[in-house]
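J.: Just passing along the structure, written as structure tokens.
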Amino acid sequence: MSATRKIQVTIGNDGDVSVEAFGYKGGKCVEATKPLRDALLGPDVQSEKKPEFYQSDATVQLKETE
Amino acid sequence: MSHVDTSAACRVTDLEALFLTLKEQCPELELVKQKTYRTWVDDHGGLVGDYPLPWLYQLKMISLVIKKYGEAKTRQMAKDVGVELPANLRDIEKNPMDLKQQRQLLSNPDFKDAYEHMAQKVVGKDAEYAIRYKPEQGKKSAYEIGLVKNPLNQDEFLMMCDFYANGNGLLRAKGMGEHKSQGGKDTWGAELKHGYAVNAAERKIQAQIKAGHPEYGSYKKVKLNDGRVVLEVTPRNP
């Protein structure tokens, strides 16, 4: 596991929200951000997964934006 | 004119967060439990039709016709007037009809009847809660924001507002955010939506910390110079 795992929520001036996960392996970022995604973005939101998402041993960044 | 609208950034899943936001930044407004929300229709009896219906009303309108004729025939009726309904009707949420498509659809009398039903009986009458001026503000003609259940997700409300003339003054309330039209896109209530999103995010993070979620140990909140707010969550065992 990477040294610094964190979840970052950014709220823009017009209320747009992005949820990003840093330092997670594989799909764990999806699991970690689920409570915030469900509450802020809705269940059907499009996820932007970086290539590392599909590499189980790699550091992953997941960004979801409404 | 009648511009009842919702937009991507106004889903509400946490009524407490919305209540808190109004209390913090909108002293002239209140959140009340009521079925109706005032729009142009209240004063003029119908929609003008110069804007497409918001997606949830488009979906409800099509559903009315499906109820009468079945899905296959409804699709054919739409096709006959040049409108291809999406294979999955839920996709209307992401890709609603534009005004041209809606007008084409309404050239069919059954869709027109369904539209009139929406305008007369549904829009402005299907809310669970509403945001309005407090009575002591004396702004009875101002429109109201309706919190309408999302037909595709019963856990969330959609904020609906007629933004014509800034919602007849509603959108000029302190802490709300006026109507803006830019690049063909209409937005309104930016300050309220921003405040709500911050409160809802913070409350969700706090709830996860309290519930012992391993990835939610602590958090910090930072307001950037450009007004954006960043909430950074670190796990219990980094």
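So you can find residues: chains in the structure tokens are A, B, ... in the order shown, residues in each start at 1, and ligands are numbered from 1 in order.
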Go through chain B residue by residue and, counting only C-alpha atoms, keep those with an atom at most 10 Å from chain A; for each kept residue give the shortest atom pair and its distance in Å to one decimal, ordered by chain and increasing number, as JSON lines.
T.:
{"residue": "B:Ala8", "atom": "CA", "partner": "A:Glu66", "partner_atom": "CA", "distance": 6.9}
{"residue": "B:Ala9", "atom": "CA", "partner": "A:Asp16", "partner_atom": "CA", "distance": 5.5}
{"residue": "B:Cys10", "atom": "CA", "partner": "A:Gly15", "partner_atom": "CA", "distance": 7.8}
{"residue": "B:Arg11", "atom": "CA", "partner": "A:Leu40", "partner_atom": "CA", "distance": 7.6}
{"residue": "B:Val12", "atom": "CA", "partner": "A:Leu40", "partner_atom": "CA", "distance": 8.0}
{"residue": "B:Thr13", "atom": "CA", "partner": "A:Ala39", "partner_atom": "CA", "distance": 6.0}
{"residue": "B:Asp14", "atom": "CA", "partner": "A:Ala39", "partner_atom": "CA", "distance": 7.8}
{"residue": "B:Lys94", "atom": "CA", "partner": "A:Asp44", "partner_atom": "CA", "distance": 9.9}
{"residue": "B:Asn153", "atom": "CA", "partner": "A:Pro43", "partner_atom": "CA", "distance": 8.4}
{"residue": "B:Asp155", "atom": "CA", "partner": "A:Ala39", "partner_atom": "CA", "distance": 9.4}
{"residue": "B:Glu156", "atom": "CA", "partner": "A:Gly42", "partner_atom": "CA", "distance": 8.2}
{"residue": "B:Gly177", "atom": "CA", "partner": "A:Asp14", "partner_atom": "CA", "distance": 8.8}
{"residue": "B:Thr187", "atom": "CA", "partner": "A:Asp14", "partner_atom": "CA", "distance": 8.5}
{"residue": "B:Trp188", "atom": "CA", "partner": "A:Asp14", "partner_atom": "CA", "distance": 8.5}
{"residue": "B:Gly189", "atom": "CA", "partner": "A:Asp14", "partner_atom": "CA", "distance": 7.8}
{"residue": "B:Ala190", "atom": "CA", "partner": "A:Asp14", "partner_atom": "CA", "distance": 4.2}
{"residue": "B:Glu191", "atom": "CA", "partner": "A:Asp14", "partner_atom": "CA", "distance": 6.5}
{"residue": "B:Leu192", "atom": "CA", "partner": "A:Gly15", "partner_atom": "CA", "distance": 7.8}
{"residue": "B:Lys193", "atom": "CA", "partner": "A:Gly15", "partner_atom": "CA", "distance": 4.7}
{"residue": "B:His194", "atom": "CA", "partner": "A:Gly15", "partner_atom": "CA", "distance": 3.7}
{"residue": "B:Gly195", "atom": "CA", "partner": "A:Gly15", "partner_atom": "CA", "distance": 7.3}
{"residue": "B:Tyr196", "atom": "CA", "partner": "A:Gly15", "partner_atom": "CA", "distance": 7.7}
{"residue": "B:Ala197", "atom": "CA", "partner": "A:Gly15", "partner_atom": "CA", "distance": 6.1}
{"residue": "B:Val198", "atom": "CA", "partner": "A:Ile11", "partner_atom": "CA", "distance": 6.6}
{"residue": "B:Ala200", "atom": "CA", "partner": "A:Leu40", "partner_atom": "CA", "distance": 7.4}
{"residue": "B:Ala201", "atom": "CA", "partner": "A:Leu36", "partner_atom": "CA", "distance": 6.8}
{"residue": "B:Glu202", "atom": "CA", "partner": "A:Val9", "partner_atom": "CA", "distance": 9.4}
{"residue": "B:Arg203", "atom": "CA", "partner": "A:Leu36", "partner_atom": "CA", "distance": 10.0}
{"residue": "B:Lys204", "atom": "CA", "partner": "A:Leu36", "partner_atom": "CA", "distance": 6.7}
{"residue": "B:Ile205", "atom": "CA", "partner": "A:Leu36", "partner_atom": "CA", "distance": 7.5}
{"residue": "B:Ala207", "atom": "CA", "partner": "A:Pro35", "partner_atom": "CA", "distance": 9.7}
{"residue": "B:Gln208", "atom": "CA", "partner": "A:Pro35", "partner_atom": "CA", "distance": 8.0}
{"residue": "B:His213", "atom": "CA", "partner": "A:Ala32", "partner_atom": "CA", "distance": 8.8}
{"residue": "B:Pro214", "atom": "CA", "partner": "A:Ala32", "partner_atom": "CA", "distance": 8.7}
{"residue": "B:Glu215", "atom": "CA", "partner": "A:Ala32", "partner_atom": "CA", "distance": 6.2}
{"residue": "B:Tyr216", "atom": "CA", "partner": "A:Ala32", "partner_atom": "CA", "distance": 8.4}
{"residue": "B:Tyr219", "atom": "CA", "partner": "A:Ile7", "partner_atom": "CA", "distance": 9.2}
{"residue": "B:Lys220", "atom": "CA", "partner": "A:Gln8", "partner_atom": "CA", "distance": 9.8}
{"residue": "B:Lys221", "atom": "CA", "partner": "A:Val9", "partner_atom": "CA", "distance": 9.5}
{"residue": "B:Val222", "atom": "CA", "partner": "A:Thr10", "partner_atom": "CA", "distance": 9.6}
{"residue": "B:Lys223", "atom": "CA", "partner": "A:Ile11", "partner_atom": "CA", "distance": 9.6}
{"residue": "B:Leu224", "atom": "CA", "partner": "A:Gly12", "partner_atom": "CA", "distance": 9.9}
{"residue": "B:Asp226", "atom": "CA", "partner": "A:Asn13", "partner_atom": "CA", "distance": 8.1}
{"residue": "B:Gly227", "atom": "CA", "partner": "A:Asn13", "partner_atom": "CA", "distance": 6.0}
{"residue": "B:Arg228", "atom": "CA", "partner": "A:Gly12", "partner_atom": "CA", "distance": 4.7}
{"residue": "B:Val229", "atom": "CA", "partner": "A:Ile11", "partner_atom": "CA", "distance": 5.2}
{"residue": "B:Val230", "atom": "CA", "partner": "A:Thr10", "partner_atom": "CA", "distance": 4.5}
{"residue": "B:Leu231", "atom": "CA", "partner": "A:Val9", "partner_atom": "CA", "distance": 5.0}
{"residue": "B:Glu232", "atom": "CA", "partner": "A:Gln8", "partner_atom": "CA", "distance": 4.5}
{"residue": "B:Val233", "atom": "CA", "partner": "A:Ile7", "partner_atom": "CA", "distance": 5.0}
{"residue": "B:Thr234", "atom": "CA", "partner": "A:Lys6", "partner_atom": "CA", "distance": 4.8}
{"residue": "B:Pro235", "atom": "CA", "partner": "A:Lys6", "partner_atom": "CA", "distance": 6.8}
{"residue": "B:Asn237", "atom": "CA", "partner": "A:Arg5", "partner_atom": "CA", "distance": 9.3}
{"residue": "B:Pro238", "atom": "CA", "partner": "A:Thr4", "partner_atom": "CA", "distance": 6.3}
J.: Near segment 134-149 of chain B, within 6 Å and counting only C-alpha atoms, which residues show up once chain neighbours fewer than 5 positions away are dropped, as a PyMOL selection string?
T.: chain B and resi 28-30+37-39+127-129+157-161+167-170
J.: Could you please determine the separation between atom CA of Pro109 of chain B and atom CA of Leu152 of chain B in Å, to one decimal place?
T.: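 Those two atoms sit 26.7 Å apart.
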